[in-house]
Amino acid sequence: MPEKRDVVVLGVGMTKFGRHPDKSLVDLFAEAFLEAFEESNIELKDIEALYFGNAVGEMTDGSSNLSGFMADEVGLRGIPAMRYDGACASSSVAFREAVRAVAAGYYDCVAVGGSERLASAGTAIGTRALATAVDGVYEINAGLTFPGVFALAARLYSKTYDIPLEKLREMMAYVSIKNHKYGAINPKAQFYGKFGDLKVEDVLNSRMICSPLTLFDCCPMTDGASAAIVASEDFAKEVFDKDLIYVRGTGQASAGSLFRQKEDIIKAIPRRLSSQMAFKEAGLTPKDIDFVELHDCFTIAEIIALEAMGFFEYGKACSAAMDGVTWVDGDLPVNPDGGLIGKGHPVGATGVSQIYSAVKILRGEYKHNPIPDAETAMTDTLGGDFGTLTNIILSVHRR
Amino acid sequence: MGFTEFFNALLEGKLIGQRCKDCGAYTCPPKATCDNCKSRNLEKVELSGKGTIRSFTTIYVAPSGYEKEAPYVVALVELDEGPWILGRIDIDPKEADELDQALIGKRVSVFAKGFPSEPFYPDKSKRVVPMFKLEE
């Protein structure tokens with residue numbers, strides 16, 4: 001097999017996350033794309049393909065086959081344009097496929113992104129749209145929701161590791177406090193200027209969504225879009241005058257129905273497989289990662305993710321936020337952009353928004369919440385009840 | 001076997017699974033391959049319908065099409081034969097939240113309840129939910 005080429009990220013873009021009843025999926029994508037495009041110092045004719053993530057456009061906006069409309073809107077009429085659906089990991093899957101195509105030499109420069117409108121869909125339709133990613137025969141019939149999936153996981157975590165549920169809930173609350181604090185200072189976040197000073201009691205006493213998860217344990221419904229330009233190192237060196245951010249490793253894995261994963265629900269085995277694939281490709285270990293942007297769709301989800309990715313032993317990440325380890329001044333900053341909880345979660349756009357934050361932080365452009373001297377970052381995006389897992393390792397250093 | 005056959009049997013009180021003739025493991029609901037060893041050498045069997053609650057949650061915010069049923073208590077049950085299945089506990093949600101973690105480990109028997117279908121459910125005629133009855 002021929003040597004794979006080094007792949008880099010050029011410009012990145014994202015809309016403000018939040019509620020955008022006045023903007024379509026296309027409008028939102030165009031805004032994010034143009035930010036990434038203008039930063040990249042390339043011409044439209046340089047972009048050879050579009051890799052686009054969207055999970056539930058049929059349900060929220062009555063639209064499918066979206067990628068061509070996205071390409072056409074921004075002046076890319078005619079190029080191959082693909083839509084990827086990996087539920088909440090859709091644009092991370094799109095990003096990874098784009099990286100692989102460039103690494104293999106099929107393309108020198110491609111566009112990646114995602115767009116989704118959950119907030120404007122309303123809670124009932126939004127919840128049903130998201131629930132299309134659970135088993136459509138044997139899980140949705142009981143009315144299982146995504147908060148429900150992680151509520152089941154939280155209770156199982158408490159029982160398995162013998163941590164009283166009240167104690168676990170308190171530790172989970174610190175994940176919400178941390179991510180809301182960082183969301184509140186992120187101008188692109190849904191909760192910019194809001195909930196930056198939550199207390200444990202605020203989280204525990206907010207409205208119960210599905211026991212034991214309250215409203216503040218959950219990420220919000222969000223409208224938004226994200227984009228990035230991905231290119232070969234050789235192409236990028238010709239055009240780009242900012243620091244190149246290298247895609248050092250990627251990983252992806254899958255799983256079937258939640259109930260078939262049994263007690264491994266809290267071990268997130270697909271995430272372990274995906275992370276190890278990314279670490280192996282990068283030639284790195286968890287110790288080499290300076291900060292993480294991970295899939296905190298719910299507070300317990302951040303805890304489970306940190307363990308499965310290999311940063312903590314199983315059963316040991318629950319106190320990480322409470323102990324300060326995962327704050328920006330701790331040993332392993334996690335979700336410095338606010339994560340899904342503070343920044344918002346426009347599903348198909350989320351993965352590339354993690355790339356956006358990681359790239360800005362690595363370039364030292366993230367002035368409102370910097371991580372000084374950070375050189376290597378890892379993203380983690382979960383689709384469905386562990387059905388799709390994608391991890392990306394980015395670094396200022398080439399292989 | 002198609003999914004409606006599984007649910008129709010459940011409505012008649014029969015929990016259908018498969019026993020693998022290669023590794024002996026049980027799979028439920030039925031699959032094209034053994035959930036343990038991937039073999040296709042499977043025989044259809046009726047399971048005991050008994051199991052143990054491994055986790056649960058009371059869902060207050062339901063998806064479109066399910067709102068009238070909320071709150072309801074969803075659970076993962078480990079069947080005595082090994083597979084885990086997802087359904088609802090036949091319990092007052094208030095009682096479930098009072099019992100809290102003490103519900104985990106309780107013994108249950110499986111039955112089925114039919115609900116009206118919803119626009120996106122694959123069976124357009126009905127939606128069958130596995131129900132878990134707490135044993136005394």
# chains A, B, ... in the order shown; residues from 1 in each chain; ligands from 1
$ closest_atom_pairs --of "chain B" --to "chain A" --cutoff "7 Å" --atoms "only C-alpha atoms" --output "CSV"
residue,atom,partner,partner_atom,distance
B:Arg54,CA,A:Leu156,CA,6.9
B:Ser55,CA,A:Leu152,CA,5.4
B:Phe56,CA,A:Leu152,CA,5.4
B:Thr57,CA,A:Ser211,CA,5.3
B:Thr58,CA,A:Cys210,CA,5.2
B:Ile59,CA,A:Cys210,CA,4.3
B:Tyr60,CA,A:Ile209,CA,5.4
B:Val61,CA,A:Ile209,CA,5.6
B:Ala62,CA,A:Gly143,CA,6.8
B:Pro63,CA,A:Arg128,CA,4.4
B:Ser64,CA,A:Ala124,CA,4.5
B:Tyr66,CA,A:Gly143,CA,6.4
B:Val74,CA,A:Ala142,CA,6.8
B:Leu76,CA,A:Phe259,CA,6.8
B:Trp84,CA,A:Phe259,CA,5.5
B:Ile85,CA,A:Phe259,CA,5.5
B:Leu86,CA,A:Phe259,CA,6.2
B:Gly87,CA,A:Ala142,CA,5.5
B:Arg88,CA,A:Ala142,CA,6.3
B:Pro122,CA,A:Val137,CA,6.8
B:Arg127,CA,A:Asn141,CA,6.1
B:Val128,CA,A:Asn141,CA,6.6
B:Val129,CA,A:Ala142,CA,5.5
$ residues_around --residues "stretch 77-84 of chain A" --least-positions-apart "2" --cutoff "7 Å" --atoms "only C-alpha atoms" --output "VMD selection string"
chain A and resid 48 to 54 65 to 68 71 to 72 75 86 90 to 91 93 to 94
$ write_last_selection --atoms "N, CA and C atoms" --output "short mmCIF file (atom, residue, chain, number, x, y, z; two decimals), in the first residue's frame"
data_model
loop_
_atom_site.label_atom_id
_atom_site.label_comp_id
_atom_site.auth_asym_id
_atom_site.auth_seq_id
_atom_site.Cartn_x
_atom_site.Cartn_y
_atom_site.Cartn_z
N GLU A 48 -12.43 20.37 -4.65
CA GLU A 48 -12.75 19.28 -5.58
C GLU A 48 -13.95 18.46 -5.14
N ALA A 49 -14.34 18.53 -3.88
CA ALA A 49 -15.48 17.74 -3.41
C ALA A 49 -15.99 18.33 -2.10
N LEU A 50 -17.26 18.03 -1.79
CA LEU A 50 -17.85 18.45 -0.51
C LEU A 50 -18.30 17.23 0.26
N TYR A 51 -17.84 17.14 1.50
CA TYR A 51 -18.24 16.09 2.44
C TYR A 51 -19.11 16.75 3.50
N PHE A 52 -20.39 16.43 3.49
CA PHE A 52 -21.36 17.18 4.29
C PHE A 52 -22.11 16.26 5.26
N GLY A 53 -22.20 16.72 6.50
CA GLY A 53 -22.91 15.93 7.52
C GLY A 53 -24.26 16.52 7.87
N ASN A 54 -25.27 15.69 7.86
CA ASN A 54 -26.60 16.09 8.34
C ASN A 54 -27.31 14.81 8.75
N ASN A 65 -31.12 14.50 0.51
CA ASN A 65 -30.18 14.73 -0.61
C ASN A 65 -29.61 16.15 -0.56
N LEU A 66 -29.17 16.53 0.60
CA LEU A 66 -28.87 17.93 0.88
C LEU A 66 -27.55 18.43 0.32
N SER A 67 -26.61 17.53 0.07
CA SER A 67 -25.24 17.99 -0.19
C SER A 67 -25.13 18.83 -1.47
N GLY A 68 -25.91 18.48 -2.50
CA GLY A 68 -25.87 19.25 -3.75
C GLY A 68 -26.36 20.67 -3.56
N ALA A 71 -23.55 22.62 -1.89
CA ALA A 71 -22.46 22.95 -2.82
C ALA A 71 -22.89 24.06 -3.76
N ASP A 72 -24.08 23.93 -4.33
CA ASP A 72 -24.56 24.92 -5.29
C ASP A 72 -24.67 26.32 -4.67
N GLY A 75 -21.35 28.18 -4.54
CA GLY A 75 -20.59 28.35 -5.77
C GLY A 75 -19.80 27.13 -6.19
N GLY A 86 -24.24 9.95 10.38
CA GLY A 86 -23.81 9.09 11.49
C GLY A 86 -24.43 9.67 12.74
N SER A 90 -22.31 12.86 12.44
CA SER A 90 -22.35 12.95 10.97
C SER A 90 -21.19 13.72 10.37
N SER A 91 -20.92 14.92 10.88
CA SER A 91 -19.85 15.70 10.22
C SER A 91 -18.46 15.22 10.61
N VAL A 93 -17.83 11.98 10.72
CA VAL A 93 -17.69 10.92 9.72
C VAL A 93 -17.32 11.56 8.37
N ALA A 94 -18.00 12.65 8.02
CA ALA A 94 -17.70 13.36 6.77
C ALA A 94 -16.25 13.84 6.76
#
$ closest_residue --among "B:Gly105, B:Asn41, B:Phe6, B:Glu81" --to "B:Lys21" --atoms "only C-alpha atoms"
B:Asn41
$ residues_around --residues "stretch 38-44 of chain A" --least-positions-apart "2" --cutoff "8 Å" --atoms "only C-alpha atoms" --output "PyMOL selection string"
chain A and resi 10-12+34-36+46-47+75-76+229+239-240
$ atom_distance --atom1 "atom CA of A:Arg271" --atom2 "atom CA of A:Gly344"
21.5 Å
$ select_by_dssp --residues "stretch 225-377 of chain A" --states "strand (DSSP E or B)" --output "PyMOL selection string"
chain A and resi 225-232+245-254+291-293+298+334+376-377
$ write_last_selection --atoms "N, CA and C atoms" --output "compact mmCIF listing (two decimals), in the first residue's frame"
# COMPACT_ATOMS: atom_id res chain seq x y z
N ALA A 225 -24.36 25.47 12.00
CA ALA A 225 -23.56 24.83 10.95
C ALA A 225 -22.09 25.05 11.23
N SER A 226 -21.28 24.19 10.62
CA SER A 226 -19.82 24.27 10.78
C SER A 226 -19.18 23.87 9.46
N ALA A 227 -17.91 24.27 9.28
CA ALA A 227 -17.22 23.93 8.03
C ALA A 227 -15.72 23.97 8.23
N ALA A 228 -15.01 23.26 7.38
CA ALA A 228 -13.55 23.29 7.39
C ALA A 228 -13.06 22.97 5.98
N ILE A 229 -11.90 23.48 5.67
CA ILE A 229 -11.24 23.13 4.41
C ILE A 229 -10.09 22.18 4.75
N VAL A 230 -10.09 21.04 4.08
CA VAL A 230 -9.09 19.98 4.33
C VAL A 230 -8.27 19.81 3.05
N ALA A 231 -6.94 19.74 3.21
CA ALA A 231 -6.09 19.67 2.02
C ALA A 231 -4.83 18.85 2.30
N SER A 232 -4.17 18.49 1.22
CA SER A 232 -2.86 17.85 1.39
C SER A 232 -1.87 18.90 1.88
N ILE A 245 -2.43 22.84 10.67
CA ILE A 245 -2.84 21.90 11.71
C ILE A 245 -2.97 20.53 11.05
N TYR A 246 -2.14 19.60 11.50
CA TYR A 246 -2.07 18.28 10.87
C TYR A 246 -3.12 17.33 11.45
N VAL A 247 -3.75 16.56 10.57
CA VAL A 247 -4.63 15.49 11.02
C VAL A 247 -3.74 14.27 11.23
N ARG A 248 -3.41 14.03 12.48
CA ARG A 248 -2.42 12.99 12.77
C ARG A 248 -3.02 11.58 12.77
N GLY A 249 -4.24 11.48 13.20
CA GLY A 249 -4.84 10.15 13.24
C GLY A 249 -6.35 10.26 13.31
N THR A 250 -7.04 9.27 12.73
CA THR A 250 -8.49 9.24 12.84
C THR A 250 -8.91 7.81 13.19
N GLY A 251 -10.06 7.69 13.81
CA GLY A 251 -10.59 6.37 14.12
C GLY A 251 -12.10 6.37 14.02
N GLN A 252 -12.64 5.22 13.74
CA GLN A 252 -14.10 5.10 13.70
C GLN A 252 -14.50 3.67 14.00
N ALA A 253 -15.65 3.51 14.68
CA ALA A 253 -16.15 2.16 14.98
C ALA A 253 -17.67 2.22 15.09
N SER A 254 -18.28 1.04 15.15
CA SER A 254 -19.75 0.97 15.16
C SER A 254 -20.26 0.00 16.20
N PHE A 291 -5.43 18.62 25.10
CA PHE A 291 -6.82 18.91 25.48
C PHE A 291 -7.76 18.12 24.58
N VAL A 292 -9.00 18.01 25.02
CA VAL A 292 -9.98 17.15 24.35
C VAL A 292 -11.27 17.93 24.10
N GLU A 293 -11.83 17.77 22.91
CA GLU A 293 -13.19 18.23 22.64
C GLU A 293 -14.02 16.96 22.48
N PHE A 298 -24.62 14.56 27.39
CA PHE A 298 -25.15 14.59 28.75
C PHE A 298 -23.95 14.55 29.69
N VAL A 334 -10.98 19.62 29.14
CA VAL A 334 -11.99 18.93 28.34
C VAL A 334 -13.10 19.92 28.00
N THR A 376 -1.34 19.38 20.74
CA THR A 376 -2.05 18.23 20.20
C THR A 376 -3.41 18.10 20.87
N ALA A 377 -4.44 17.92 20.05
CA ALA A 377 -5.81 17.84 20.57
C ALA A 377 -6.50 16.60 20.01
$ residues_around --residues "B:Met131" --least-positions-apart "2" --cutoff "12 Å" --atoms "only C-alpha atoms" --output "number ranges by chain"
A: 141-142; B: 7, 10-11, 13, 15, 49-51, 53, 72-77, 85-91, 108-115, 128-129, 133-134
$ closest_residue --among "A:Ser64, A:Thr381, A:Ser395, A:Ser115" --to "A:Phe29" --atoms "only C-alpha atoms"
A:Ser115
$ decode --residues "stretch 12-44 of chain B" --atoms "N, CA and C atoms" --output "tab-separated table (two decimals), in the first residue's frame"
chain	number	residue	atom	x	y	z
B	12	GLU	N	-49.06	-12.95	22.51
B	12	GLU	CA	-49.69	-14.21	22.96
B	12	GLU	C	-48.97	-14.81	24.17
B	13	GLY	N	-48.05	-14.04	24.72
B	13	GLY	CA	-47.38	-14.50	25.94
B	13	GLY	C	-46.12	-15.31	25.71
B	14	LYS	N	-45.66	-15.37	24.46
B	14	LYS	CA	-44.46	-16.16	24.16
B	14	LYS	C	-43.30	-15.24	23.79
B	15	LEU	N	-42.21	-15.35	24.54
B	15	LEU	CA	-40.99	-14.59	24.22
B	15	LEU	C	-40.09	-15.47	23.37
B	16	ILE	N	-39.96	-15.09	22.10
B	16	ILE	CA	-39.21	-15.91	21.16
B	16	ILE	C	-37.75	-15.44	21.08
B	17	GLY	N	-36.85	-16.39	21.14
B	17	GLY	CA	-35.44	-16.11	20.95
B	17	GLY	C	-34.82	-17.18	20.08
B	18	GLN	N	-33.51	-17.20	20.02
B	18	GLN	CA	-32.80	-18.24	19.26
B	18	GLN	C	-31.72	-18.84	20.15
B	19	ARG	N	-31.54	-20.15	20.00
B	19	ARG	CA	-30.40	-20.81	20.65
B	19	ARG	C	-29.40	-21.17	19.57
B	20	CYS	N	-28.15	-20.85	19.82
B	20	CYS	CA	-27.11	-21.14	18.84
B	20	CYS	C	-26.67	-22.59	18.98
B	21	LYS	N	-26.74	-23.33	17.87
B	21	LYS	CA	-26.36	-24.74	17.93
B	21	LYS	C	-24.85	-24.92	17.93
B	22	ASP	N	-24.11	-23.82	17.71
B	22	ASP	CA	-22.65	-23.91	17.75
B	22	ASP	C	-22.09	-23.55	19.13
B	23	CYS	N	-22.54	-22.40	19.70
B	23	CYS	CA	-21.94	-21.96	20.96
B	23	CYS	C	-22.89	-22.07	22.15
B	24	GLY	N	-24.18	-22.32	21.89
B	24	GLY	CA	-25.13	-22.49	22.98
B	24	GLY	C	-25.72	-21.20	23.50
B	25	ALA	N	-25.24	-20.03	23.03
B	25	ALA	CA	-25.74	-18.75	23.53
B	25	ALA	C	-27.14	-18.45	22.98
B	26	TYR	N	-27.86	-17.62	23.70
B	26	TYR	CA	-29.20	-17.20	23.27
B	26	TYR	C	-29.17	-15.78	22.70
B	27	THR	N	-30.01	-15.55	21.72
B	27	THR	CA	-30.14	-14.23	21.11
B	27	THR	C	-31.61	-13.84	21.16
B	28	CYS	N	-31.89	-12.62	21.60
B	28	CYS	CA	-33.28	-12.13	21.68
B	28	CYS	C	-33.28	-10.62	21.67
B	29	PRO	N	-34.14	-9.96	20.89
B	29	PRO	CA	-34.97	-10.52	19.83
B	29	PRO	C	-34.10	-11.20	18.75
B	30	PRO	N	-34.73	-12.06	17.95
B	30	PRO	CA	-33.96	-12.82	16.96
B	30	PRO	C	-33.17	-11.92	15.99
B	31	LYS	N	-32.05	-12.47	15.53
B	31	LYS	CA	-31.15	-11.79	14.59
B	31	LYS	C	-30.77	-12.77	13.50
B	32	ALA	N	-30.19	-12.25	12.43
B	32	ALA	CA	-29.72	-13.11	11.34
B	32	ALA	C	-28.51	-13.94	11.76
B	33	THR	N	-27.79	-13.46	12.78
B	33	THR	CA	-26.59	-14.16	13.23
B	33	THR	C	-26.59	-14.23	14.76
B	34	CYS	N	-25.93	-15.24	15.30
B	34	CYS	CA	-25.82	-15.38	16.76
B	34	CYS	C	-25.16	-14.14	17.34
B	35	ASP	N	-25.76	-13.58	18.40
B	35	ASP	CA	-25.23	-12.35	18.97
B	35	ASP	C	-23.90	-12.58	19.69
B	36	ASN	N	-23.58	-13.86	19.95
B	36	ASN	CA	-22.34	-14.16	20.65
B	36	ASN	C	-21.22	-14.56	19.68
B	37	CYS	N	-21.53	-15.50	18.74
B	37	CYS	CA	-20.44	-16.04	17.91
B	37	CYS	C	-20.64	-15.81	16.41
B	38	LYS	N	-21.71	-15.14	16.02
B	38	LYS	CA	-21.98	-14.78	14.62
B	38	LYS	C	-22.44	-15.95	13.75
B	39	SER	N	-22.61	-17.13	14.35
B	39	SER	CA	-23.05	-18.30	13.59
B	39	SER	C	-24.47	-18.08	13.06
B	40	ARG	N	-24.75	-18.76	11.93
B	40	ARG	CA	-26.14	-18.74	11.43
B	40	ARG	C	-26.86	-20.05	11.75
B	41	ASN	N	-26.21	-20.89	12.54
B	41	ASN	CA	-26.76	-22.20	12.90
B	41	ASN	C	-27.63	-22.03	14.16
B	42	LEU	N	-28.79	-21.40	13.93
B	42	LEU	CA	-29.64	-21.00	15.06
B	42	LEU	C	-30.97	-21.76	15.03
B	43	GLU	N	-31.49	-22.06	16.22
B	43	GLU	CA	-32.85	-22.62	16.28
B	43	GLU	C	-33.74	-21.70	17.08
B	44	LYS	N	-34.97	-21.56	16.58
B	44	LYS	CA	-35.94	-20.70	17.26
B	44	LYS	C	-36.42	-21.41	18.52
